[in-house]
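K.L.:
Mind having a look at this structure? Questions to follow.
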Amino acid sequence: MYDWVKSDLQNFGQYYSGDNEVRDLSNEDIDIAFIGSGLSSTFTLIEYINQLEEMPSLKTSHGNDSVRIIMFEKDSWLWGGIPYGRRSGFTSLIITPLDEFLPESELSSFIEWMSENIDWLIVPFKQNAGNRSKKWLEDCEEKIRLKKSARIHIPRYFFGIYIWEKLKNACSASNKSVKLDFINAEVNSIKQNEKGDFNICVNSEINFSANQILLGIGIPQIRSLGEINTKLNDVVFLKDPYFPNLESSITMISNYVKKRNSSKILIVGANASALELIYQITNYIDVDENNLHFTVMSPQGKLPGLFIKDKQTTFKANSLNELSISGHEIKADMILDALKQDLDYANKNNFGISDTLPIFTNHVGGLVQRLSKKEKQKFISFHGVEIGRLQRRAGLEYTQPVEELSLTNKLDVIKGKFINFSKDTDVTKVLFKKDNVSETQMDRYDVVINCAGSSGLTEAGMSPLLKQLIESGICSSTSSNHGLKVGDNFEVMPGFYINGPLLAGNVVGEMGIWHVEHCGRIIGFAKKIAANILDEANPL
């Protein structure tokens, strides 16, 4: 923790990273191990501790009411994960307003907490503020103090620290004996032993034994742009702009472009990360002074649009509406086809995401419930993912830079595909193919940033742990290839549970899950998963 964080949080938790101290801990039997310290793991752990209170007796590895918990995290920043921790930077904002980001059950509590803690909470934001961040301070700091922050986009690290304090409070308020430690080490493998417990190997050599496991890591690694066969001495190429952290990536770009008369920046991908990179580059680097030009390249050729909540509209989704009132059996293909027809009508008649999204969401949710189990599985494996790609949205802060750059002709959005880098008379250029154009094209870019999103559970996209879990047969990927198969209790097998993005592609009970990127869904799942973990360990 940094010195600006209040003292009781700085002092929360025992952290271990050295091999000797980690090895000493490995001699202890663990009741439950949490893999990852981001939102999915932390909220599940909070719920687990809170629900322990309701257990009249506990069956633990120590034979008494003392519960032994260890949380493993490979990143040196032990709270918040990538989205809500240090790697995303102190001036990165949530993509949707707060009242859409959090469920009602959590919203008022978080607003109250921010108001009470804003004086120390805002310190690193102010220390790292660029021009856009300073404007955010003018517009939003006082709203947070006055508890009028429901409709604003708050810095993401605020929420990371909030859930860390929620965990601290859950531990201190518990009337059970909870012993919780944090190990800063990468989990390399998880294997089941003859007793049915799980052996957890960290740092490739130290083994722990746990009765139960919650795997709460994020999406598989960012999609690679392929085998780069050219030396890139004259190009800044960011394979993953969040590694080691976003701040160092922006600094690298800044140092490079400020040495040049002009620079062309290519962003491959048109998702929320692409918007964030445009926001942060223009936050810290003067576009006009450094003569910057941006190009975004993606198969859709479209960046997320500005979403205005509760916008009055005359848009009607006629095709989806006809399908909804139809008495015929619904198929997954029918839902996607109807949505595409309505989206085509919306685009031709200048309706935006604010007009279409609420209506589409209402129709699609009802239609998915009418699918058979087989069709529901089909829908979450492809159709739901495709609908998500067609309906991306963002708030004012992140769409404003796009509008400004477009108005000054400093942004091009290309519908096409990155192919590779190539040398042309000792100058590195980008090979790409535009949609509906047969010939491959080539252009020079000074900065190339990969925002292509997750590659799914492919050979190139898996961490060593995910690769081991699948190759060993403990886990298997869902048909969408973006998650791991679980049962109706969110379990891979007895004792092994998952929360977070790796649930994508499952049907749990009657609920189809095609993505798990919404904070409210993860919080809702956490309550159910914690209850399932406790019920299994303490059967009636």
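Residue numbering restarts at 1 in every chain; chains get A, B, ... in the order shown in the structure tokens, and ligands count up from 1 in that same order.
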Pull the helix (DSSP H, G or I) assignments for range 364-398 of chain A out of DSSP run on the backbone, and list those residues as a count of residues only.
P.N.:
27
K.L.:
So which bits of range 376-420 of chain A end up strand (DSSP E or B) when you DSSP the backbone, as a PyMOL selection string?
P.N.:
chain A and resi 393-394+411-420
K.L.:
Fewer than 3 positions away in the same chain doesn't count, so skip those; otherwise give me all residues within 7 Å of range 337-348 of chain A, counting only C-alpha atoms, as a PyMOL selection string.
P.N.:
chain A and resi 317-320+333-334+351
K.L.:
Nearest to Leu25 in chain A among A:Leu306, A:Met55, A:Ile69, A:Met297, with distances taken over only C-alpha atoms: which residue is it?
P.N.:
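Distance minimum relative to Leu25 in chain A lands on A:Ile69.
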K.L.:
Counting only C-alpha atoms, which of A:Cys519, A:Val22, A:Leu466, A:Val235 gets nearest to Pro103 in chain A?
P.N.:
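So, comparing all the options, the nearest one is A:Cys519.
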K.L.:
Excluding Gly395 in chain A and residues on its chain fewer than 3 positions from it, collect all residues at most 10 Å away from it, counting only C-alpha atoms, and give them as a ChimeraX atom specification.
P.N.:
/A:93-97,152-153,304-309,398-400
K.L.:
Would you export the selected residues with all heavy atoms as a compact mmCIF listing (two decimals), in the first residue's frame, please?
P.N.:
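What ended up in part_25.txt:
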# COMPACT_ATOMS: atom_id res chain seq x y z
N LEU A 93 -11.04 5.77 -15.62
CA LEU A 93 -12.41 5.87 -15.10
C LEU A 93 -13.22 4.62 -15.47
O LEU A 93 -12.89 3.90 -16.41
CB LEU A 93 -13.10 7.10 -15.69
CG LEU A 93 -12.37 8.44 -15.54
CD1 LEU A 93 -13.10 9.53 -16.31
CD2 LEU A 93 -12.21 8.83 -14.08
N ILE A 94 -14.29 4.37 -14.70
CA ILE A 94 -15.22 3.31 -15.09
C ILE A 94 -15.91 3.73 -16.38
O ILE A 94 -16.11 4.92 -16.64
CB ILE A 94 -16.25 3.01 -13.97
CG1 ILE A 94 -17.04 4.27 -13.57
CG2 ILE A 94 -15.57 2.40 -12.76
CD1 ILE A 94 -18.16 4.01 -12.59
N ILE A 95 -16.27 2.75 -17.21
CA ILE A 95 -16.78 3.04 -18.54
C ILE A 95 -18.25 3.48 -18.53
O ILE A 95 -18.73 4.12 -19.45
CB ILE A 95 -16.59 1.80 -19.46
CG1 ILE A 95 -16.66 2.18 -20.93
CG2 ILE A 95 -17.57 0.71 -19.11
CD1 ILE A 95 -15.43 2.85 -21.46
N THR A 96 -18.98 3.12 -17.46
CA THR A 96 -20.40 3.49 -17.34
C THR A 96 -20.59 4.34 -16.08
O THR A 96 -19.76 4.30 -15.17
CB THR A 96 -21.29 2.25 -17.24
OG1 THR A 96 -20.86 1.46 -16.13
CG2 THR A 96 -21.22 1.41 -18.50
N PRO A 97 -21.67 5.10 -15.99
CA PRO A 97 -21.93 5.85 -14.76
C PRO A 97 -22.07 4.92 -13.56
O PRO A 97 -22.41 3.74 -13.70
CB PRO A 97 -23.25 6.57 -15.04
CG PRO A 97 -23.37 6.59 -16.52
CD PRO A 97 -22.70 5.35 -17.02
N ILE A 152 -21.96 9.87 -12.21
CA ILE A 152 -20.65 10.21 -12.73
C ILE A 152 -19.80 8.96 -12.93
O ILE A 152 -20.14 7.86 -12.49
CB ILE A 152 -19.90 11.22 -11.82
CG1 ILE A 152 -19.47 10.56 -10.50
CG2 ILE A 152 -20.75 12.46 -11.57
CD1 ILE A 152 -18.57 11.44 -9.66
N HIS A 153 -18.68 9.14 -13.61
CA HIS A 153 -17.73 8.07 -13.88
C HIS A 153 -16.54 8.25 -12.94
O HIS A 153 -15.75 9.17 -13.10
CB HIS A 153 -17.26 8.12 -15.33
CG HIS A 153 -18.37 8.01 -16.33
ND1 HIS A 153 -18.55 6.90 -17.10
CD2 HIS A 153 -19.38 8.87 -16.65
CE1 HIS A 153 -19.61 7.07 -17.88
NE2 HIS A 153 -20.13 8.25 -17.62
N PRO A 304 -17.15 2.21 -29.46
CA PRO A 304 -18.33 2.31 -28.59
C PRO A 304 -18.90 3.73 -28.61
O PRO A 304 -18.16 4.71 -28.57
CB PRO A 304 -17.78 1.94 -27.21
CG PRO A 304 -16.59 1.09 -27.49
CD PRO A 304 -15.99 1.64 -28.74
N GLY A 305 -20.22 3.80 -28.67
CA GLY A 305 -20.88 5.10 -28.75
C GLY A 305 -21.28 5.64 -27.38
O GLY A 305 -21.35 4.91 -26.39
N LEU A 306 -21.56 6.93 -27.33
CA LEU A 306 -22.01 7.58 -26.10
C LEU A 306 -23.39 7.06 -25.72
O LEU A 306 -24.32 7.09 -26.54
CB LEU A 306 -22.06 9.09 -26.30
CG LEU A 306 -22.70 9.90 -25.16
CD1 LEU A 306 -21.88 9.77 -23.87
CD2 LEU A 306 -22.82 11.38 -25.56
N PHE A 307 -23.52 6.59 -24.49
CA PHE A 307 -24.80 6.11 -24.00
C PHE A 307 -25.37 7.10 -23.00
O PHE A 307 -24.72 7.47 -22.02
CB PHE A 307 -24.66 4.75 -23.32
CG PHE A 307 -25.96 4.19 -22.82
CD1 PHE A 307 -26.89 3.68 -23.71
CD2 PHE A 307 -26.27 4.21 -21.47
CE1 PHE A 307 -28.10 3.17 -23.26
CE2 PHE A 307 -27.48 3.72 -21.00
CZ PHE A 307 -28.40 3.19 -21.90
N ILE A 308 -26.59 7.56 -23.27
CA ILE A 308 -27.30 8.50 -22.39
C ILE A 308 -28.47 7.74 -21.78
O ILE A 308 -29.39 7.30 -22.49
CB ILE A 308 -27.80 9.73 -23.16
CG1 ILE A 308 -26.62 10.46 -23.83
CG2 ILE A 308 -28.56 10.68 -22.23
CD1 ILE A 308 -27.03 11.52 -24.82
N LYS A 309 -28.43 7.58 -20.47
CA LYS A 309 -29.45 6.80 -19.79
C LYS A 309 -30.80 7.51 -19.83
O LYS A 309 -30.88 8.73 -19.73
CB LYS A 309 -29.02 6.57 -18.33
CG LYS A 309 -29.89 5.60 -17.57
CD LYS A 309 -29.34 5.37 -16.17
CE LYS A 309 -30.17 4.36 -15.40
NZ LYS A 309 -29.66 4.15 -14.03
N TYR A 398 -15.10 9.27 -21.94
CA TYR A 398 -14.31 8.46 -22.88
C TYR A 398 -14.73 8.64 -24.33
O TYR A 398 -13.97 8.29 -25.24
CB TYR A 398 -14.39 6.98 -22.48
CG TYR A 398 -13.39 6.60 -21.40
CD1 TYR A 398 -12.71 7.57 -20.67
CD2 TYR A 398 -13.12 5.27 -21.11
CE1 TYR A 398 -11.79 7.22 -19.69
CE2 TYR A 398 -12.20 4.90 -20.14
CZ TYR A 398 -11.54 5.89 -19.42
OH TYR A 398 -10.62 5.55 -18.45
N THR A 399 -15.94 9.13 -24.59
CA THR A 399 -16.34 9.37 -25.98
C THR A 399 -16.03 10.79 -26.44
O THR A 399 -15.91 11.03 -27.64
CB THR A 399 -17.85 9.11 -26.16
OG1 THR A 399 -18.59 9.90 -25.21
CG2 THR A 399 -18.18 7.64 -25.95
N GLN A 400 -15.86 11.71 -25.48
CA GLN A 400 -15.55 13.10 -25.84
C GLN A 400 -14.27 13.24 -26.65
O GLN A 400 -14.24 13.95 -27.67
CB GLN A 400 -15.46 13.96 -24.59
CG GLN A 400 -15.21 15.43 -24.84
CD GLN A 400 -16.39 16.28 -24.44
OE1 GLN A 400 -17.09 15.98 -23.49
NE2 GLN A 400 -16.61 17.33 -25.18
K.L.:
So what do you get for CA of Ile353 in chain A versus CA of Thr314 in chain A, distance-wise?
P.N.:
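These two atoms are separated by 13.0 Å.
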K.L.:
Tell me which of A:Gln51, A:Ser262, A:Gln377, A:Ser422 sits closest to Gly505 in chain A, counting only C-alpha atoms.
P.N.:
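Between A:Gln51, A:Ser262, A:Gln377, A:Ser422, the residue approaching Gly505 in chain A most closely is A:Gln377.
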K.L.:
Could I get the residues of range 57-165 of chain A with an atom no further than 10 Å from an atom of range 212-233 of chain A, each paired with its nearest atom pair and that distance in Å to one decimal, using only C-alpha atoms, sorted by chain and residue number, as CSV?
P.N.:
residue,atom,partner,partner_atom,distance
A:Ile69,CA,A:Gln212,CA,9.8
A:Ile70,CA,A:Ile213,CA,9.9
A:Met71,CA,A:Leu214,CA,9.4
A:Phe72,CA,A:Leu215,CA,9.9
A:Glu73,CA,A:Ile217,CA,9.1
A:Gly81,CA,A:Gly218,CA,8.1
A:Ile82,CA,A:Gly218,CA,8.3
A:Pro83,CA,A:Gly218,CA,9.4
K.L.:
Store the residues of this selection in a file with N, CA, C and O atoms, as an mmCIF file, in the first residue's frame.
P.N.:
data_model
loop_
_atom_site.group_PDB
_atom_site.id
_atom_site.type_symbol
_atom_site.label_atom_id
_atom_site.label_comp_id
_atom_site.auth_asym_id
_atom_site.auth_seq_id
_atom_site.Cartn_x
_atom_site.Cartn_y
_atom_site.Cartn_z
ATOM 1 N N ILE A 69 -7.652 -19.395 5.561
ATOM 2 C CA ILE A 69 -7.853 -18.919 4.188
ATOM 3 C C ILE A 69 -6.555 -18.292 3.687
ATOM 4 O O ILE A 69 -5.907 -17.526 4.402
ATOM 5 N N ILE A 70 -6.198 -18.595 2.451
ATOM 6 C CA ILE A 70 -5.070 -17.917 1.806
ATOM 7 C C ILE A 70 -5.519 -17.433 0.437
ATOM 8 O O ILE A 70 -6.186 -18.150 -0.308
ATOM 9 N N MET A 71 -5.161 -16.190 0.126
ATOM 10 C CA MET A 71 -5.432 -15.612 -1.193
ATOM 11 C C MET A 71 -4.101 -15.471 -1.932
ATOM 12 O O MET A 71 -3.149 -14.900 -1.411
ATOM 13 N N PHE A 72 -4.047 -16.006 -3.148
ATOM 14 C CA PHE A 72 -2.839 -15.950 -3.977
ATOM 15 C C PHE A 72 -3.020 -14.891 -5.066
ATOM 16 O O PHE A 72 -4.056 -14.848 -5.733
ATOM 17 N N GLU A 73 -2.004 -14.075 -5.266
ATOM 18 C CA GLU A 73 -2.043 -13.046 -6.312
ATOM 19 C C GLU A 73 -0.648 -12.884 -6.897
ATOM 20 O O GLU A 73 0.311 -12.635 -6.177
ATOM 21 N N GLY A 81 -7.149 -6.212 -8.737
ATOM 22 C CA GLY A 81 -6.944 -6.827 -10.036
ATOM 23 C C GLY A 81 -6.474 -5.799 -11.054
ATOM 24 O O GLY A 81 -6.120 -4.671 -10.719
ATOM 25 N N ILE A 82 -6.486 -6.159 -12.331
ATOM 26 C CA ILE A 82 -6.049 -5.221 -13.372
ATOM 27 C C ILE A 82 -7.016 -4.043 -13.511
ATOM 28 O O ILE A 82 -6.596 -2.891 -13.531
ATOM 29 N N PRO A 83 -8.344 -4.262 -13.571
ATOM 30 C CA PRO A 83 -9.238 -3.130 -13.795
ATOM 31 C C PRO A 83 -9.254 -2.104 -12.660
ATOM 32 O O PRO A 83 -9.310 -0.903 -12.903
#
K.L.:
What's around Ser88 in chain A at 8 Å? Count only C-alpha atoms, leave out sequence neighbours fewer than 4 positions away in its own chain, and write the answer as a list in words.
P.N.:
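Within the cut-off, the hits are Ile82, Pro83, Tyr84, Ser92, Tyr242, Asn245, Leu246 and Glu247 of chain A.
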K.L.:
Please determine, counting only C-alpha atoms, which residue among A:Ser174, A:Ile267, A:Ser133, A:Arg260 has the shortest atom-to-atom distance to Gly453 in chain A.
P.N.:
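That would be A:Ile267, the residue with the smallest distance to Gly453 in chain A.
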K.L.:
Find the distance between CA of Glu47 in chain A and CA of Ala531 in chain A and write it in Å to one decimal.
P.N.:
8.1 Å
K.L.:
Quick one: distance from CA of Trp514 in chain A to CA of Lys374 in chain A in Å, one decimal?
P.N.:
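Here the two named atoms are 14.2 Å from each other.
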K.L.:
Taking only C-alpha atoms into account, name the residue in A:Glu329, A:Glu386, A:Asp288, A:Asp240 that is nearest to Ala452 in chain A.
P.N.:
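Of the candidates, the smallest distance to Ala452 in chain A is held by A:Asp240.
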